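Structure file model.txt; described as compact mmCIF, C-alpha atoms and all ligand atoms.
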```txt
# COMPACT_ATOMS: atom_id res chain seq x y z
CA MET A 1 78.97 115.81 118.19
CA LEU A 2 81.55 114.71 115.66
CA SER A 3 82.38 117.02 112.81
CA ALA A 4 83.33 115.97 109.28
CA ARG A 5 86.05 118.59 109.11
CA THR A 6 87.75 117.36 112.28
CA LEU A 7 87.54 113.75 111.12
CA LEU A 8 88.99 114.58 107.70
CA ILE A 9 91.92 116.45 109.21
CA ARG A 10 92.45 113.80 111.87
CA GLY A 11 92.41 111.16 109.16
CA MET A 12 95.13 112.93 107.19
CA VAL A 13 97.30 113.53 110.26
CA VAL A 14 96.96 109.95 111.45
CA GLY A 15 97.51 108.87 107.84
CA ALA A 16 100.86 110.66 107.80
CA ILE A 17 101.84 108.83 110.98
CA ALA A 18 100.63 105.56 109.47
CA GLY A 19 102.85 106.36 106.48
CA VAL A 20 105.87 106.68 108.74
CA VAL A 21 105.09 103.34 110.37
CA ALA A 22 104.57 101.78 106.94
CA TYR A 23 107.89 103.22 105.81
CA LEU A 24 109.70 101.61 108.75
CA PHE A 25 108.01 98.28 108.03
CA ALA A 26 108.79 98.54 104.32
CA THR A 27 112.42 99.38 105.00
CA LEU A 28 112.75 96.37 107.26
CA PHE A 29 110.90 93.81 105.14
CA GLY A 30 110.49 95.26 101.66
CA GLU A 31 113.79 96.79 100.67
CA GLY A 32 115.65 93.47 100.81
CA PRO A 33 113.43 91.80 98.21
CA ILE A 34 113.49 94.96 96.05
CA SER A 35 117.29 95.01 96.02
CA ASP A 36 117.39 91.33 95.15
CA ALA A 37 114.89 91.84 92.34
CA ILE A 38 116.91 94.72 90.92
CA ALA A 39 120.05 92.56 91.13
CA PHE A 40 118.19 89.91 89.12
CA GLU A 41 117.12 92.55 86.63
CA GLU A 42 120.65 93.82 86.16
CA ALA A 43 122.07 90.34 85.83
CA HIS A 44 119.64 89.67 82.98
CA ALA A 45 119.66 93.10 81.38
CA ALA A 46 123.09 92.51 79.85
CA ALA A 47 121.73 89.60 77.85
CA LEU A 48 119.10 91.80 76.18
CA PRO A 49 119.88 93.50 72.88
CA ALA A 50 121.29 96.64 74.43
CA GLY A 51 118.83 99.37 73.57
CA GLU A 52 118.47 102.27 75.87
CA HIS A 53 118.78 100.71 79.29
CA GLU A 54 117.26 103.18 81.70
CA HIS A 55 119.92 105.45 83.08
CA GLU A 56 119.44 106.25 86.73
CA VAL A 57 117.48 109.46 87.12
CA VAL A 58 117.25 108.99 90.87
CA SER A 59 119.84 106.95 92.73
CA ARG A 60 118.89 103.69 94.43
CA THR A 61 119.89 105.19 97.76
CA VAL A 62 117.40 108.02 97.36
CA GLN A 63 114.68 105.69 96.08
CA SER A 64 115.03 103.33 99.01
CA THR A 65 115.10 106.03 101.69
CA ILE A 66 113.58 109.49 101.13
CA GLY A 67 111.70 108.28 98.07
CA LEU A 68 110.12 105.37 99.91
CA ALA A 69 109.34 107.54 102.93
CA THR A 70 107.72 110.22 100.74
CA ALA A 71 105.64 107.65 98.90
CA SER A 72 104.46 105.95 102.10
CA ILE A 73 103.57 109.20 103.83
CA ILE A 74 101.74 110.67 100.84
CA TYR A 75 99.88 107.39 100.40
CA GLY A 76 99.02 107.46 104.11
CA ILE A 77 97.72 111.03 103.95
CA ALA A 78 95.57 110.29 100.90
CA LEU A 79 94.10 107.13 102.40
CA GLY A 80 93.76 108.75 105.81
CA GLY A 81 91.65 111.59 104.43
CA LEU A 82 89.31 109.21 102.64
CA TYR A 83 89.23 107.02 105.71
CA GLY A 84 88.32 109.96 107.95
CA ILE A 85 85.39 110.78 105.66
CA ALA A 86 84.33 107.13 105.67
CA VAL A 87 84.32 107.16 109.48
CA ALA A 88 82.32 110.41 109.43
CA ILE A 89 79.69 108.69 107.30
CA ALA A 90 79.72 105.39 109.21
CA ALA A 91 79.68 106.80 112.75
CA GLY A 92 76.23 106.32 114.27
CA ARG A 93 74.96 104.55 111.14
CA VAL A 94 76.44 101.06 111.43
CA GLY A 95 74.94 99.07 114.26
CA ARG A 96 75.23 100.45 117.75
CA LEU A 97 78.98 100.80 117.67
CA SER A 98 81.00 103.40 119.51
CA ALA A 99 83.08 105.83 117.46
CA ARG A 100 86.22 103.91 118.32
CA ALA A 101 84.77 100.56 117.25
CA THR A 102 83.44 102.17 114.08
CA ALA A 103 86.92 103.52 113.32
CA GLY A 104 88.40 100.05 113.72
CA LEU A 105 85.76 98.41 111.57
CA VAL A 106 86.10 101.00 108.79
CA ALA A 107 89.87 100.44 108.75
CA LEU A 108 89.33 96.69 108.49
CA GLY A 109 86.90 97.26 105.63
CA GLY A 110 89.38 99.62 103.99
CA PHE A 111 92.15 97.08 104.18
CA VAL A 112 89.97 94.36 102.71
CA GLY A 113 88.55 96.56 99.93
CA VAL A 114 91.61 98.60 98.98
CA ALA A 115 94.43 96.15 99.65
CA LEU A 116 93.35 92.54 100.16
CA VAL A 117 90.79 92.04 97.39
CA PRO A 118 93.01 93.65 94.69
CA PHE A 119 95.94 91.62 96.02
CA LEU A 120 94.05 88.36 95.49
CA LYS A 121 93.87 88.99 91.75
CA TYR A 122 96.74 91.35 91.00
CA PRO A 123 99.27 90.96 93.79
CA ALA A 124 102.13 93.42 94.08
CA ASN A 125 105.11 92.66 91.88
CA PRO A 126 108.75 93.36 92.58
CA PRO A 127 110.89 95.25 90.06
CA ALA A 128 111.84 93.33 86.91
CA THR A 129 108.63 91.32 86.77
CA GLY A 130 106.37 93.55 84.68
CA ASN A 131 106.26 94.24 80.97
CA PRO A 132 106.39 98.03 80.35
CA ASP A 133 104.14 97.61 77.30
CA THR A 134 101.25 96.37 79.42
CA LEU A 135 101.65 98.95 82.19
CA GLN A 136 98.63 100.95 81.09
CA GLN A 137 96.42 97.88 81.05
CA ARG A 138 97.75 96.55 84.34
CA THR A 139 97.20 99.92 86.01
CA GLY A 140 93.62 99.98 84.73
CA LEU A 141 92.89 96.47 85.97
CA TYR A 142 94.45 97.23 89.33
CA PHE A 143 92.30 100.31 89.91
CA LEU A 144 89.25 98.42 88.68
CA MET A 145 90.02 95.79 91.32
CA ILE A 146 90.19 98.48 94.02
CA VAL A 147 86.79 99.80 92.91
CA ILE A 148 85.38 96.27 93.04
CA GLY A 149 86.89 95.66 96.48
CA VAL A 150 85.53 98.89 97.95
CA ALA A 151 82.13 98.32 96.31
CA ALA A 152 81.98 94.82 97.77
CA VAL A 153 82.70 96.09 101.28
CA LEU A 154 80.17 98.91 100.95
CA GLY A 155 77.61 96.52 99.51
CA ALA A 156 78.11 94.07 102.35
CA VAL A 157 77.62 96.82 104.92
CA LEU A 158 74.47 98.17 103.26
CA VAL A 159 72.91 94.73 102.76
CA GLY A 160 73.83 93.68 106.28
CA ARG A 161 72.30 96.83 107.67
CA SER A 162 69.04 96.36 105.82
CA LEU A 163 68.75 92.69 106.82
CA GLN A 164 69.60 93.29 110.46
CA PRO A 165 66.06 94.11 111.71
CA ARG A 166 64.70 90.85 110.26
CA LEU A 167 67.59 88.43 110.78
CA GLY A 168 69.44 89.86 113.74
CA THR A 169 73.02 91.11 113.72
CA TRP A 170 74.89 87.82 113.37
CA ASN A 171 72.73 86.28 110.65
CA ALA A 172 72.51 89.53 108.71
CA SER A 173 76.28 90.00 108.84
CA THR A 174 76.89 86.40 107.80
CA VAL A 175 74.52 86.58 104.84
CA ALA A 176 75.97 89.91 103.70
CA LEU A 177 79.61 88.81 104.02
CA VAL A 178 79.11 85.43 102.36
CA GLY A 179 77.19 87.11 99.55
CA ALA A 180 79.95 89.66 99.00
CA ALA A 181 82.63 86.96 99.12
CA VAL A 182 80.84 84.83 96.51
CA LEU A 183 80.36 87.84 94.26
CA VAL A 184 83.99 88.91 94.56
CA GLY A 185 85.08 85.32 93.97
CA ALA A 186 83.09 85.19 90.75
CA ILE A 187 84.63 88.47 89.56
CA LEU A 188 88.13 87.25 90.41
CA TYR A 189 87.44 84.16 88.37
CA VAL A 190 86.31 86.13 85.33
CA LEU A 191 88.90 88.91 85.17
CA PRO A 192 91.99 88.29 83.02
CA ALA A 193 95.10 87.02 84.77
CA VAL A 194 98.39 88.89 84.61
CA ASN A 195 101.48 86.72 84.80
CA GLU A 196 104.58 88.41 83.53
CA VAL A 197 107.12 87.16 86.03
CA PRO A 198 110.08 86.06 83.92
CA ASP A 199 111.45 82.51 83.98
CA GLY A 200 114.21 82.06 86.48
CA PHE A 201 112.86 84.64 88.89
CA SER A 202 113.09 83.21 92.39
CA PRO A 203 109.64 82.19 93.67
CA ILE A 204 110.90 82.66 97.23
CA LEU A 205 111.84 86.22 96.40
CA LEU A 206 108.44 86.83 94.81
CA TRP A 207 106.71 85.47 97.89
CA ARG A 208 108.84 87.56 100.26
CA PHE A 209 108.15 90.70 98.27
CA ARG A 210 104.41 90.13 98.08
CA LEU A 211 104.19 89.37 101.76
CA ALA A 212 106.14 92.55 102.53
CA SER A 213 103.80 94.52 100.29
CA LEU A 214 100.67 93.16 101.93
CA GLY A 215 102.26 93.74 105.32
CA THR A 216 103.06 97.36 104.47
CA GLN A 217 99.43 97.97 103.62
CA ALA A 218 98.18 96.08 106.66
CA VAL A 219 100.42 98.20 108.88
CA THR A 220 99.10 101.37 107.24
CA TRP A 221 95.47 100.40 107.86
CA ALA A 222 96.09 99.06 111.35
CA THR A 223 97.77 102.29 112.42
CA LEU A 224 94.94 104.30 110.88
CA GLY A 225 92.22 102.29 112.56
CA LEU A 226 93.75 102.02 116.01
CA LEU A 227 95.21 105.50 116.39
CA PHE A 228 92.26 107.27 114.80
CA GLY A 229 89.87 105.38 117.06
CA TYR A 230 91.90 106.20 120.13
CA LEU A 231 92.10 109.91 119.30
CA THR A 232 88.41 110.11 118.47
CA GLU A 233 87.38 108.49 121.71
CA ARG A 234 89.70 110.78 123.63
CA SER A 235 88.28 113.89 121.97
CA GLN A 236 84.75 112.73 122.75
CA ARG A 237 85.58 112.40 126.41
CA ARG A 238 86.42 116.03 126.78
CA GLN A 239 83.08 116.57 125.17
CA PRO A 240 82.28 120.29 125.03
CA VAL A 241 84.10 120.74 121.74
CA PRO A 242 81.76 122.87 119.62
CA ALA A 243 80.97 121.24 116.31
CA VAL A 244 82.55 123.26 113.51
CA GLN A 245 80.26 123.80 110.58
CA PRO A 246 81.68 123.58 107.07
CA VAL A 247 81.90 126.99 105.42
CA ALA A 248 79.95 125.93 102.37
CA ALA A 249 76.67 124.85 103.97
CA MET B 1 96.68 114.58 131.33
CA ALA B 2 95.48 114.13 134.89
CA THR B 3 91.89 114.76 133.89
CA ILE B 4 91.83 111.93 131.35
CA SER B 5 92.73 109.22 133.83
CA ALA B 6 89.15 109.00 135.11
CA ALA B 7 87.32 105.68 134.78
CA PRO B 8 86.32 105.08 131.17
CA THR B 9 82.74 106.08 130.49
CA PRO B 10 80.62 103.41 128.82
CA ALA B 11 81.05 103.55 125.05
CA THR B 12 78.30 105.64 123.55
CA VAL B 13 76.89 105.43 120.07
CA PRO B 14 77.81 108.69 118.35
CA VAL B 15 75.16 110.87 116.76
CA ALA B 16 75.32 110.43 112.98
CA ILE B 17 76.66 113.49 111.16
CA PRO B 18 74.13 114.70 108.57
CA LEU B 19 75.30 113.67 105.10
CA ARG B 20 74.79 117.18 103.74
CA GLN B 21 77.29 118.39 106.27
CA ILE B 22 79.81 115.73 105.26
CA LEU B 23 79.49 116.29 101.53
CA PRO B 24 81.74 119.35 101.04
CA TRP B 25 84.49 117.78 103.12
CA ALA B 26 84.12 114.48 101.32
CA ALA B 27 84.51 116.24 97.97
CA PHE B 28 87.55 118.13 99.20
CA GLY B 29 89.14 115.00 100.66
CA ALA B 30 88.46 112.98 97.53
CA VAL B 31 90.03 115.53 95.19
CA LEU B 32 93.08 115.80 97.43
CA ALA B 33 93.40 112.01 97.65
CA VAL B 34 93.20 111.59 93.87
CA VAL B 35 95.97 114.14 93.35
CA LEU B 36 98.18 112.54 95.99
CA LEU B 37 97.55 108.98 94.81
CA TYR B 38 98.30 110.03 91.26
CA PHE B 39 101.64 111.33 92.43
CA VAL B 40 102.53 108.00 94.06
CA GLY B 41 100.63 105.54 91.93
CA THR B 42 100.64 106.45 88.29
CA GLU B 43 102.79 109.50 87.57
CA GLN B 44 105.00 108.20 84.80
CA GLY B 45 107.01 109.17 81.76
CA ILE B 46 104.22 109.30 79.21
CA THR B 47 101.35 110.88 81.13
CA SER B 48 103.37 112.90 83.61
CA VAL B 49 102.51 116.35 84.84
CA VAL B 50 106.00 117.03 86.07
CA SER B 51 108.34 116.63 83.13
CA GLY B 52 110.48 113.54 82.75
CA GLU B 53 110.61 110.51 84.97
CA THR B 54 111.95 112.15 88.10
CA VAL B 55 108.79 111.81 90.19
CA HIS B 56 108.17 108.30 88.88
CA GLU B 57 111.66 107.25 89.83
CA PHE B 58 111.67 109.10 93.15
CA VAL B 59 108.65 107.26 94.62
CA HIS B 60 109.53 104.09 92.75
CA ASP B 61 110.05 101.70 95.68
CA GLY B 62 106.89 102.89 97.35
CA ARG B 63 104.92 102.27 94.19
CA HIS B 64 106.07 98.66 94.06
CA LEU B 65 105.56 97.99 97.76
CA LEU B 66 102.16 99.67 97.91
CA GLY B 67 100.98 97.32 95.20
CA PHE B 68 100.78 99.66 92.21
CA PRO B 69 101.74 98.16 88.86
CA CYS B 70 105.20 99.19 87.68
CA HIS B 71 108.03 97.59 85.79
ZN ZN C 301 109.37 99.69 88.92
```
Please re-express this file's structure in structure tokens.
Ligand SMILES: [Zn+2]
Amino acid sequence: MLSARTLLIRGMVVGAIAGVVAYLFATLFGEGPISDAIAFEEAHAAALPAGEHEHEVVSRTVQSTIGLATASIIYGIALGGLYGIAVAIAAGRVGRLSARATAGLVALGGFVGVALVPFLKYPANPPATGNPDTLQQRTGLYFLMIVIGVAAVLGAVLVGRSLQPRLGTWNASTVALVGAAVLVGAILYVLPAVNEVPDGFSPILLWRFRLASLGTQAVTWATLGLLFGYLTERSQRRQPVPAVQPVAA
Amino acid sequence: MATISAAPTPATVPVAIPLRQILPWAAFGAVLAVVLLYFVGTEQGITSVVSGETVHEFVHDGRHLLGFPCH
């Protein structure tokens, strides 16, 4: 039998690996747009009434290498842990899926809820495109969007599961997914828009950055889902692993 | 390694783990994740735990690329 402890730890370990993969992807596709955006920022900073232009606390070299790697790996570990718990809950409860298929499906749901849905309303922005004064508000809206995305995915799963006996798997899934999509669409329509990209900022650059950002998150979730599923299936095959009970029962 | 290469057994539906057994680990994982995500996602000058903007600046590129709001 699967154990929650094992799945949590496996999630965090696989998450760290996913972070490394995400870092490589981000270096390849994301750092270019970031450098270009910072070049834009510096070209326009001189025109501003020179207040206290932020002095470099951490060099660009560090930010784009160790800093980026640290951020990706920590992000991967955090997501991986939550993901492992989500798999622990979903395994044996969603349809008649194997552990490996469940792992893949949970990762897909995680990507949609945590990355894709928030991206549709508040896509990632490169440096030099956000107003510092609205940071608090933008951060709040962004996390709200993540909550909405995750809730929509969870809701779709729960509704689909409860409709399945009456409608069958395909119809139940369709109804649940369409319902969630309509609901999310309505929320996206209602929430306030954030558009602070300054005039003259290259739309191509914005597009490249946002694509790189979405790709970085897709790579994180794909690595999580595929590697976690593989490892779980492998551990099940050499079955007689005694289930470890949590200390606090 | 040699033992794994046997023909794949048909995929079996795993036995659901009792929720009560998951709960303590879920709580632990959630707390850990919040701390870690705070470090990457929102740690900043005004509300920082670690003084100054060092952490904010250190993970700066990751924050942008992972979709968190920044500057
Ligand atoms: Zn920034």
* To do: Residues of chain B near chain A: apply a cut-off of 9 Å, count all atoms listed in the file, and supply the list as a ChimeraX atom specification.
  => /B:4,8-9,11-26,29-30,32-37,39-42,53-55,57-71
Deliver the residues from the most recent selection as a file, using C-alpha atoms, as a PDB file, in the coordinates of the input.
```pdb
ATOM      1  CA  ILE B   4      91.830 111.930 131.350  1.00  0.00           C
ATOM      2  CA  PRO B   8      86.320 105.080 131.170  1.00  0.00           C
ATOM      3  CA  THR B   9      82.740 106.080 130.490  1.00  0.00           C
ATOM      4  CA  ALA B  11      81.050 103.550 125.050  1.00  0.00           C
ATOM      5  CA  THR B  12      78.300 105.640 123.550  1.00  0.00           C
ATOM      6  CA  VAL B  13      76.890 105.430 120.070  1.00  0.00           C
ATOM      7  CA  PRO B  14      77.810 108.690 118.350  1.00  0.00           C
ATOM      8  CA  VAL B  15      75.160 110.870 116.760  1.00  0.00           C
ATOM      9  CA  ALA B  16      75.320 110.430 112.980  1.00  0.00           C
ATOM     10  CA  ILE B  17      76.660 113.490 111.160  1.00  0.00           C
ATOM     11  CA  PRO B  18      74.130 114.700 108.570  1.00  0.00           C
ATOM     12  CA  LEU B  19      75.300 113.670 105.100  1.00  0.00           C
ATOM     13  CA  ARG B  20      74.790 117.180 103.740  1.00  0.00           C
ATOM     14  CA  GLN B  21      77.290 118.390 106.270  1.00  0.00           C
ATOM     15  CA  ILE B  22      79.810 115.730 105.260  1.00  0.00           C
ATOM     16  CA  LEU B  23      79.490 116.290 101.530  1.00  0.00           C
ATOM     17  CA  PRO B  24      81.740 119.350 101.040  1.00  0.00           C
ATOM     18  CA  TRP B  25      84.490 117.780 103.120  1.00  0.00           C
ATOM     19  CA  ALA B  26      84.120 114.480 101.320  1.00  0.00           C
ATOM     20  CA  GLY B  29      89.140 115.000 100.660  1.00  0.00           C
ATOM     21  CA  ALA B  30      88.460 112.980  97.530  1.00  0.00           C
ATOM     22  CA  LEU B  32      93.080 115.800  97.430  1.00  0.00           C
ATOM     23  CA  ALA B  33      93.400 112.010  97.650  1.00  0.00           C
ATOM     24  CA  VAL B  34      93.200 111.590  93.870  1.00  0.00           C
ATOM     25  CA  VAL B  35      95.970 114.140  93.350  1.00  0.00           C
ATOM     26  CA  LEU B  36      98.180 112.540  95.990  1.00  0.00           C
ATOM     27  CA  LEU B  37      97.550 108.980  94.810  1.00  0.00           C
ATOM     28  CA  PHE B  39     101.640 111.330  92.430  1.00  0.00           C
ATOM     29  CA  VAL B  40     102.530 108.000  94.060  1.00  0.00           C
ATOM     30  CA  GLY B  41     100.630 105.540  91.930  1.00  0.00           C
ATOM     31  CA  THR B  42     100.640 106.450  88.290  1.00  0.00           C
ATOM     32  CA  GLU B  53     110.610 110.510  84.970  1.00  0.00           C
ATOM     33  CA  THR B  54     111.950 112.150  88.100  1.00  0.00           C
ATOM     34  CA  VAL B  55     108.790 111.810  90.190  1.00  0.00           C
ATOM     35  CA  GLU B  57     111.660 107.250  89.830  1.00  0.00           C
ATOM     36  CA  PHE B  58     111.670 109.100  93.150  1.00  0.00           C
ATOM     37  CA  VAL B  59     108.650 107.260  94.620  1.00  0.00           C
ATOM     38  CA  HIS B  60     109.530 104.090  92.750  1.00  0.00           C
ATOM     39  CA  ASP B  61     110.050 101.700  95.680  1.00  0.00           C
ATOM     40  CA  GLY B  62     106.890 102.890  97.350  1.00  0.00           C
ATOM     41  CA  ARG B  63     104.920 102.270  94.190  1.00  0.00           C
ATOM     42  CA  HIS B  64     106.070  98.660  94.060  1.00  0.00           C
ATOM     43  CA  LEU B  65     105.560  97.990  97.760  1.00  0.00           C
ATOM     44  CA  LEU B  66     102.160  99.670  97.910  1.00  0.00           C
ATOM     45  CA  GLY B  67     100.980  97.320  95.200  1.00  0.00           C
ATOM     46  CA  PHE B  68     100.780  99.660  92.210  1.00  0.00           C
ATOM     47  CA  PRO B  69     101.740  98.160  88.860  1.00  0.00           C
ATOM     48  CA  CYS B  70     105.200  99.190  87.680  1.00  0.00           C
ATOM     49  CA  HIS B  71     108.030  97.590  85.790  1.00  0.00           C
TER      50      HIS B  71
END
```
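Separating CA of Leu116 (chain A) from CA of Ile187 (chain A) is a distance of 14.3 Å.
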* Structure fact -> note - CA of Val112 (chain A) and CA of Leu227 (chain A) are separated by 18.4 Å
Within 6 Å of (98.8, 107.3, 112.0), only C-alpha atoms: residues as a short mmCIF file (atom, residue, chain, number, x, y, z; two decimals) with C-alpha atoms, in the frame of the given file?
```cif
data_model
loop_
_atom_site.label_atom_id
_atom_site.label_comp_id
_atom_site.auth_asym_id
_atom_site.auth_seq_id
_atom_site.Cartn_x
_atom_site.Cartn_y
_atom_site.Cartn_z
CA VAL A 14 96.96 109.95 111.45
CA GLY A 15 97.51 108.87 107.84
CA ALA A 16 100.86 110.66 107.80
CA ILE A 17 101.84 108.83 110.98
CA ALA A 18 100.63 105.56 109.47
CA THR A 223 97.77 102.29 112.42
CA LEU A 224 94.94 104.30 110.88
CA LEU A 227 95.21 105.50 116.39
#
```
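Between CA of Leu108 (chain A) and CA of Leu177 (chain A) the separation is 13.3 Å.
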* Residues around (78.4, 90.6, 101.9), cut-off 8 Å, counting all atoms listed in the file - what are they as JSON, numbers by chain? -> {"A": [152, 153, 155, 156, 157, 159, 160, 173, 174, 175, 176, 177, 178, 179, 180, 181]}
* Minimum-distance residue to Val117 (chain A), chosen among A:Ala218, A:Val150, A:Val13, A:Gly104 (using only C-alpha atoms) -> A:Val150
* Asked: With distances taken over only C-alpha atoms and all ligand atoms, which of A:Ile146, A:Ile38, A:Leu205, A:Ala222 is nearest to ligand ZN 301 (chain C)?
  ->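 Between A:Ile146, A:Ile38, A:Leu205, A:Ala222, the residue approaching ligand ZN 301 (chain C) most closely is A:Ile38.
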